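K.L.:
The structure's right below; bear with me while I get my questions together.
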Amino acid sequence: MNYLIDIVLYPIIYILPAYVANGAPVLFGGGKPLDFNRKINGKRIFGDHKTIRGTISSLIAGIIIGLIEYPFLHFMLGVAILLTIGANIGDLLGSFIKRQVAFKPGKSAPLLDQYGFFILAILIALPLGHLPDLYGIIFLIILTGIMHPLTNLGAYLLKLKDVPW
């Protein structure tokens, strides 16, 4: 039973703020672009799909998950805030890279799209500790690789996204 908690349950509880933060803009995003149509090297910084409302909704959603987890695991509020910030930075960095290497808007960059938010979330929250153990991290890497495309496909089928990735 402890293995189930250590390898599956705790890692999901730990990463949930980043997962929710990453998905919230699909439901609540839209509006003005975060980069205000500005360019670097003649290319958009983030593109039209990264919006002010999407970023704010992402931050709020991730922190709400931390507040829900807080009564059970007091350290999770701080961790949730950093995971949420990290997930946003990772997602924005991925968009920036895609724009600078001339990916067309909406075009998929599989590893960058699936793991950019995840890696930065973990790295930014790392100083607070409480990271799942190695097997928990491996589980999260596999789970993220499975869930990211499935949730995006679901959002596409529900007409929440224009593309299935």
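Identifiers for the structure tokens are assigned positionally: chains receive A, B, ... in sequence, residues are indexed from 1 per chain, and ligands are indexed from 1 in the order shown.
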DSSP says strand (DSSP E or B) for which residues of chain A? Put them as a VMD selection string?
P.N.:
chain A and resid 33 39 to 40 43 to 44 51
K.L.:
Within 9 Å of segment 149-159 of chain A, counting only C-alpha atoms, which residues show up once you throw out same-chain ones fewer than 6 positions away? Write them as an NGL selection string, please.
P.N.:
:A and (23 or 26-27 or 114 or 165)
K.L.:
Have a look at atom CA of Phe118 of chain A and atom CA of Val8 of chain A and let me know their distance in Å, one decimal.
P.N.:
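Value for the atom CA of Phe118 of chain A-atom CA of Val8 of chain A distance: 16.4 Å.
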K.L.:
Can you list, as an MDAnalysis selection string, every protein, DNA or RNA residue that comes within 12 Å of Ile65 of chain A when you count only C-alpha atoms, leaving out same-chain residues fewer than 2 positions away?
P.N.:
chainID A and resid 12:21 24 58:63 67:73 76:81 83:84
K.L.:
Taking only C-alpha atoms into account, which of A:Leu134, A:Leu123, A:Val101, A:Ile146 comes nearest Asn41 of chain A?
P.N.:
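Among A:Leu134, A:Leu123, A:Val101, A:Ile146, it is A:Val101 that comes nearest to Asn41 of chain A.
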K.L.:
Write out as a PyMOL selection string all residues of segment 18-164 of chain A that backbone DSSP assigns to helix (DSSP H, G or I).
P.N.:
chain A and resi 18-28+52-69+76-100+110-128+134-157
K.L.:
Using only C-alpha atoms for the distances, tell me which of A:His74, A:Ile142, A:Phe96, A:Leu131 is nearest to Leu34 of chain A.
P.N.:
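Of the candidates, the smallest distance to Leu34 of chain A is held by A:Phe96.
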K.L.:
Point out the residue among A:Lys43, A:Lys104, A:Lys161, A:Ala125 with the least atom-to-atom distance to Gly30 of chain A, counting only C-alpha atoms.
P.N.:
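Looking only at the distances to Gly30 of chain A, the closest residue turns out to be A:Lys161.
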K.L.:
Please provide the set of residues having any atom within 10 Å of Ser108 of chain A, restricted to only C-alpha atoms, with same-chain residues fewer than 3 positions apart removed, written as a PyMOL selection string.
P.N.:
chain A and resi 98+103-105+111-114+163-165
